[in-house]
file work35.csv (CSV, C-alpha atoms and all ligand atoms)
chain,number,residue,atom,x,y,z
B,14,MET,CA,13.6,-7.0,-17.4
B,15,ASN,CA,10.7,-4.6,-18.3
B,16,ASP,CA,9.1,-4.1,-14.9
B,17,LEU,CA,6.7,-1.3,-15.9
B,18,LEU,CA,5.6,-2.9,-19.1
B,19,SER,CA,4.9,-6.2,-17.5
B,20,LYS,CA,3.2,-4.7,-14.5
B,21,TYR,CA,1.2,-2.0,-16.0
B,22,PRO,CA,0.6,-2.7,-19.7
B,23,GLU,CA,-2.9,-1.4,-19.8
B,24,GLU,CA,-2.1,1.8,-17.8
B,25,ILE,CA,0.8,2.5,-20.1
B,26,LYS,CA,-1.4,2.0,-23.2
B,27,THR,CA,-4.0,4.4,-21.8
B,28,ILE,CA,-1.4,7.0,-21.0
B,29,LEU,CA,0.2,6.8,-24.4
B,30,ALA,CA,-3.2,7.0,-26.1
B,31,LYS,CA,-3.6,10.5,-24.8
B,32,TYR,CA,-0.7,11.9,-26.9
B,33,PRO,CA,-0.1,12.0,-30.6
B,34,SER,CA,2.5,9.4,-31.5
B,35,GLU,CA,4.9,12.0,-32.7
B,36,GLN,CA,4.6,13.8,-29.3
B,37,LYS,CA,4.7,10.7,-27.1
B,38,ARG,CA,7.6,12.2,-25.1
B,39,SER,CA,4.9,14.3,-23.5
B,40,ALA,CA,3.8,11.2,-21.6
B,41,VAL,CA,7.0,11.3,-19.5
B,42,MET,CA,5.3,12.8,-16.4
B,43,PRO,CA,2.4,10.4,-16.1
B,44,LEU,CA,4.7,7.5,-16.7
B,45,LEU,CA,7.0,8.7,-14.0
B,46,PHE,CA,4.0,9.0,-11.6
B,47,LEU,CA,3.0,5.5,-12.6
B,48,ALA,CA,6.5,4.2,-11.9
B,49,GLN,CA,6.5,5.9,-8.5
B,50,ARG,CA,2.9,5.1,-7.5
B,51,LYS,CA,3.4,1.7,-5.9
B,52,GLU,CA,6.8,2.0,-4.2
B,53,GLY,CA,7.0,5.7,-3.4
B,54,TYR,CA,10.1,6.3,-5.5
B,55,ILE,CA,11.4,5.8,-9.0
B,56,ARG,CA,13.9,2.9,-9.5
B,57,GLU,CA,16.8,3.4,-12.0
B,58,GLN,CA,15.4,0.6,-14.0
B,59,ALA,CA,12.2,2.6,-14.6
B,60,LEU,CA,14.2,5.6,-16.0
B,61,SER,CA,15.6,3.3,-18.6
B,62,GLU,CA,12.3,1.7,-19.4
B,63,ILE,CA,10.5,5.1,-19.7
B,64,SER,CA,13.3,6.4,-22.0
B,65,GLN,CA,12.8,3.3,-24.2
B,66,ILE,CA,9.0,3.6,-24.3
B,67,LEU,CA,9.2,7.2,-25.3
B,68,ASP,CA,12.4,7.1,-27.5
B,69,ILE,CA,14.2,9.8,-25.4
B,70,GLN,CA,17.5,9.9,-23.6
B,71,GLU,CA,17.6,8.4,-20.1
B,72,THR,CA,19.3,11.5,-18.9
B,73,GLU,CA,16.3,13.6,-20.0
B,74,VAL,CA,14.0,11.4,-17.8
B,75,ALA,CA,16.5,11.6,-14.9
B,76,THR,CA,16.6,15.4,-15.1
B,77,LEU,CA,12.9,15.6,-14.6
B,78,VAL,CA,13.1,13.4,-11.6
B,79,GLY,CA,15.8,15.6,-10.1
B,80,PHE,CA,13.9,18.8,-10.9
B,81,TYR,CA,10.5,18.1,-9.5
B,82,THR,CA,10.2,17.7,-5.7
B,83,LEU,CA,7.2,15.3,-6.2
B,84,PHE,CA,9.5,12.7,-7.7
B,85,HIS,CA,11.9,10.7,-5.6
B,86,ASP,CA,14.9,8.8,-6.8
B,87,GLY,CA,15.6,7.1,-3.4
B,88,LYS,CA,13.6,4.8,-1.3
B,89,THR,CA,11.0,6.7,0.8
B,90,GLY,CA,8.0,5.6,2.8
B,91,ILE,CA,4.9,4.4,1.1
B,92,TYR,CA,3.4,7.8,2.2
B,93,HIS,CA,5.6,10.9,1.7
B,94,ILE,CA,4.5,13.8,3.9
B,95,GLN,CA,5.9,17.2,3.0
B,96,VAL,CA,5.3,19.8,5.7
B,97,CYS,CA,5.6,23.5,4.8
B,98,THR,CA,7.7,25.4,7.3
B,99,ASP,CA,8.1,28.5,5.3
B,100,LEU,CA,7.6,31.8,7.1
B,101,CYS,CA,3.8,32.2,7.1
B,102,CYS,CA,3.3,28.6,8.2
B,103,ALA,CA,6.1,28.9,10.8
B,104,LEU,CA,4.1,31.8,12.3
B,105,ARG,CA,1.1,29.4,12.6
B,106,GLY,CA,3.2,26.7,14.4
B,107,SER,CA,4.3,24.5,11.5
B,108,GLU,CA,7.8,24.0,13.0
B,109,ASP,CA,6.3,22.7,16.3
B,110,PHE,CA,4.0,20.5,14.3
B,111,LEU,CA,6.9,19.1,12.3
B,112,THR,CA,8.9,18.5,15.4
B,113,GLY,CA,6.0,16.9,17.3
B,114,LEU,CA,5.1,14.6,14.3
B,115,CYS,CA,8.7,13.5,13.9
B,116,GLU,CA,9.1,12.8,17.6
B,117,ALA,CA,5.9,10.7,17.6
B,118,LEU,CA,7.2,8.7,14.7
B,119,GLU,CA,10.7,8.5,16.2
B,120,ILE,CA,12.4,10.0,13.2
B,121,LYS,CA,14.1,13.2,12.1
B,122,PRO,CA,12.8,15.4,9.2
B,123,GLY,CA,13.9,13.7,6.0
B,124,GLU,CA,13.8,10.2,7.5
B,125,THR,CA,11.4,7.3,7.1
B,126,SER,CA,9.5,5.5,9.9
B,127,GLN,CA,10.9,2.1,10.9
B,128,ASP,CA,8.0,0.2,9.3
B,129,GLY,CA,8.7,2.0,6.0
B,130,MET,CA,5.2,3.5,5.9
B,131,VAL,CA,5.9,7.2,6.2
B,132,THR,CA,8.7,9.7,5.2
B,133,VAL,CA,8.4,13.2,6.7
B,134,GLU,CA,10.1,16.0,4.8
B,135,GLU,CA,10.3,19.8,5.3
B,136,VAL,CA,9.4,21.9,2.2
B,137,LYS,CA,8.7,25.5,1.3
B,138,CYS,CA,5.5,27.2,0.4
B,139,LEU,CA,2.7,24.9,-0.8
B,140,ALA,CA,0.2,27.8,-1.3
B,141,ALA,CA,-2.0,27.3,1.8
B,142,CYS,CA,-0.2,29.9,3.8
B,143,ASP,CA,-3.2,30.8,6.0
B,144,LYS,CA,-4.1,27.2,6.9
B,145,ALA,CA,-0.9,26.0,8.6
B,146,PRO,CA,0.1,23.6,9.9
B,147,MET,CA,-0.4,22.0,6.5
B,148,PHE,CA,1.2,19.3,4.4
B,149,GLN,CA,0.8,17.5,1.2
B,150,VAL,CA,1.1,13.8,1.1
B,151,GLN,CA,2.0,11.5,-1.8
B,152,GLY,CA,0.7,8.0,-1.4
B,153,LYS,CA,-0.9,5.1,-3.2
B,154,ASP,CA,-3.9,7.2,-4.1
B,155,GLY,CA,-2.1,10.2,-5.5
B,156,ILE,CA,-1.5,13.5,-3.8
B,157,SER,CA,-3.7,15.1,-1.2
B,158,TYR,CA,-3.5,18.3,0.9
B,159,HIS,CA,-4.2,18.6,4.6
B,160,GLU,CA,-4.7,21.9,6.3
B,161,ASN,CA,-5.1,23.1,9.9
B,162,CYS,CA,-3.5,19.9,11.1
B,163,ASN,CA,-2.3,18.9,14.5
B,164,VAL,CA,-0.1,16.0,15.5
B,165,ASP,CA,-2.9,13.9,16.9
B,166,ASN,CA,-5.1,14.0,13.8
B,167,THR,CA,-2.1,13.4,11.6
B,168,LEU,CA,-1.1,10.3,13.6
B,169,GLU,CA,-4.7,9.1,13.3
B,170,MET,CA,-4.4,9.4,9.5
B,171,ILE,CA,-1.1,7.5,9.6
B,172,GLN,CA,-2.7,4.8,11.7
B,173,GLU,CA,-5.5,4.4,9.0
B,174,TRP,CA,-2.8,4.0,6.3
B,175,ARG,CA,-1.1,1.3,8.4
B,176,GLU,CA,-4.4,-0.5,8.9
B,177,SER,CA,-5.4,-0.3,5.2
B,178,GLY,CA,-1.9,-1.5,4.3
B,179,ALA,CA,-2.2,-4.5,6.6
B,180,ALA,CA,-5.7,-5.3,5.2
B,181,GLU,CA,-4.3,-5.2,1.7
B,182,GLN,CA,-1.5,-7.6,2.6
B,183,GLU,CA,-4.1,-10.0,4.1
B,184,GLU,CA,-6.2,-9.9,0.9
B,185,THR,CA,-3.2,-10.8,-1.2
B,186,LYS,CA,-2.3,-13.9,1.0
S,201,LIG,S1,4.1,29.5,3.6
S,201,LIG,FE1,3.4,27.5,4.0
S,201,LIG,S2,2.0,27.2,2.4
S,201,LIG,FE2,2.8,29.1,2.0

call {"tool": "encode", "arguments": {"input": "work35.csv", "output": "structure tokens", "more": "lines below"}}
Ligand code: FES
result
Amino acid sequence: MNDLLSKYPEEIKTILAKYPSEQKRSAVMPLLFLAQRKEGYIREQALSEISQILDIQETEVATLVGFYTLFHDGKTGIYHIQVCTDLCCALRGSEDFLTGLCEALEIKPGETSQDGMVTVEEVKCLAACDKAPMFQVQGKDGISYHENCNVDNTLEMIQEWRESGAAEQEETK
């Protein structure tokens, strides 16, 4: 079954149109982002589909997923929060922020909240060293960066995601 092709034919056409046909393998990154966009991770089936669309080996696609931290090959939350706890950020309280956030969500770093909405992960420098606590989040709308955060305003943000997810579900009923 071709999940990607059947779900996103127009998006795939638009992505492929950006590259010369003899260089279509260059579309691998946007296709991986497309595959990950809805569910937060890349299914094995998508690796196979992308390799067929681009005429490349499935292992080449899988290697990229393994190399880039923004791609996930296992189920994660719909929103994937990556908190920097590298030295500069640690000096500005990022470890306490991570601990507090995880406690509030009743998870450990690396885990996903029980409702499947949020995964929280610890990462190294994200190039906002003077604005910790900071994190990047991958979600339905792409990637965004959040600086000078605290647990309360992060939980408010998560609550908004939950409410918009519930509203979307209502609309599709
Ligand atoms: S050390 Fe955290 S963003 Fe650089």

call {"tool": "closest_residue", "arguments": {"input": "work35.csv", "among": "B:Ala140, B:Ala75, B:Ile91, B:Leu29", "to": "Ser126 (chain B)", "atoms": "only C-alpha atoms"}}
result
B:Ile91

call {"tool": "residues_near_ligand", "arguments": {"input": "work35.csv", "ligand": "ligand LIG 201 (chain S)", "cutoff": "10 Å", "atoms": "only C-alpha atoms and all ligand atoms", "output": "PyMOL selection string"}}
result
chain B and resi 96-105+107+136-149+160

call {"tool": "closest_residue", "arguments": {"input": "work35.csv", "among": "B:Gly87, B:Gly106, B:Tyr92, B:Leu17", "to": "Gln65 (chain B)", "atoms": "only C-alpha atoms"}}
result
B:Leu17

call {"tool": "residues_around", "arguments": {"input": "work35.csv", "residues": "Ile94 (chain B)", "least_positions_apart": "6", "cutoff": "12 Å", "atoms": "only C-alpha atoms", "output": "JSON list (two decimals) with C-alpha atoms, keeping the file's coordinate frame"}}
result
[["chain", "number", "residue", "atom", "x", "y", "z"],
["B", 53, "GLY", "CA", 7.00, 5.70, -3.40],
["B", 82, "THR", "CA", 10.20, 17.70, -5.70],
["B", 83, "LEU", "CA", 7.20, 15.30, -6.20],
["B", 111, "LEU", "CA", 6.90, 19.10, 12.30],
["B", 114, "LEU", "CA", 5.10, 14.60, 14.30],
["B", 115, "CYS", "CA", 8.70, 13.50, 13.90],
["B", 122, "PRO", "CA", 12.80, 15.40, 9.20],
["B", 123, "GLY", "CA", 13.90, 13.70, 6.00],
["B", 124, "GLU", "CA", 13.80, 10.20, 7.50],
["B", 125, "THR", "CA", 11.40, 7.30, 7.10],
["B", 126, "SER", "CA", 9.50, 5.50, 9.90],
["B", 130, "MET", "CA", 5.20, 3.50, 5.90],
["B", 131, "VAL", "CA", 5.90, 7.20, 6.20],
["B", 132, "THR", "CA", 8.70, 9.70, 5.20],
["B", 133, "VAL", "CA", 8.40, 13.20, 6.70],
["B", 134, "GLU", "CA", 10.10, 16.00, 4.80],
["B", 135, "GLU", "CA", 10.30, 19.80, 5.30],
["B", 136, "VAL", "CA", 9.40, 21.90, 2.20],
["B", 147, "MET", "CA", -0.40, 22.00, 6.50],
["B", 148, "PHE", "CA", 1.20, 19.30, 4.40],
["B", 149, "GLN", "CA", 0.80, 17.50, 1.20],
["B", 150, "VAL", "CA", 1.10, 13.80, 1.10],
["B", 151, "GLN", "CA", 2.00, 11.50, -1.80],
["B", 152, "GLY", "CA", 0.70, 8.00, -1.40],
["B", 156, "ILE", "CA", -1.50, 13.50, -3.80],
["B", 157, "SER", "CA", -3.70, 15.10, -1.20],
["B", 158, "TYR", "CA", -3.50, 18.30, 0.90],
["B", 159, "HIS", "CA", -4.20, 18.60, 4.60],
["B", 167, "THR", "CA", -2.10, 13.40, 11.60],
["B", 168, "LEU", "CA", -1.10, 10.30, 13.60],
["B", 170, "MET", "CA", -4.40, 9.40, 9.50],
["B", 171, "ILE", "CA", -1.10, 7.50, 9.60]]

call {"tool": "closest_residue", "arguments": {"input": "work35.csv", "among": "B:Glu62, B:Glu23, B:Asp154, B:Asp68", "to": "Gln36 (chain B)", "atoms": "only C-alpha atoms"}}
result
B:Asp68

call {"tool": "residues_around", "arguments": {"input": "work35.csv", "residues": "Ile55 (chain B)", "least_positions_apart": "3", "cutoff": "7 Å", "atoms": "all atoms listed in the file", "output": "PyMOL selection string"}}
result
chain B and resi 48-49+59+85-86

call {"tool": "closest_residue", "arguments": {"input": "work35.csv", "among": "B:Asn163, B:Tyr81, B:Lys153, B:Ile66", "to": "Gly178 (chain B)", "atoms": "only C-alpha atoms"}}
result
B:Lys153

call {"tool": "atom_distance", "arguments": {"input": "work35.csv", "atom1": "CA of Ile120 (chain B)", "atom2": "CA of Thr76 (chain B)"}}
result
29.1 Å

call {"tool": "atom_distance", "arguments": {"input": "work35.csv", "atom1": "CA of Glu119 (chain B)", "atom2": "CA of Gly90 (chain B)"}}
result
14.0 Å
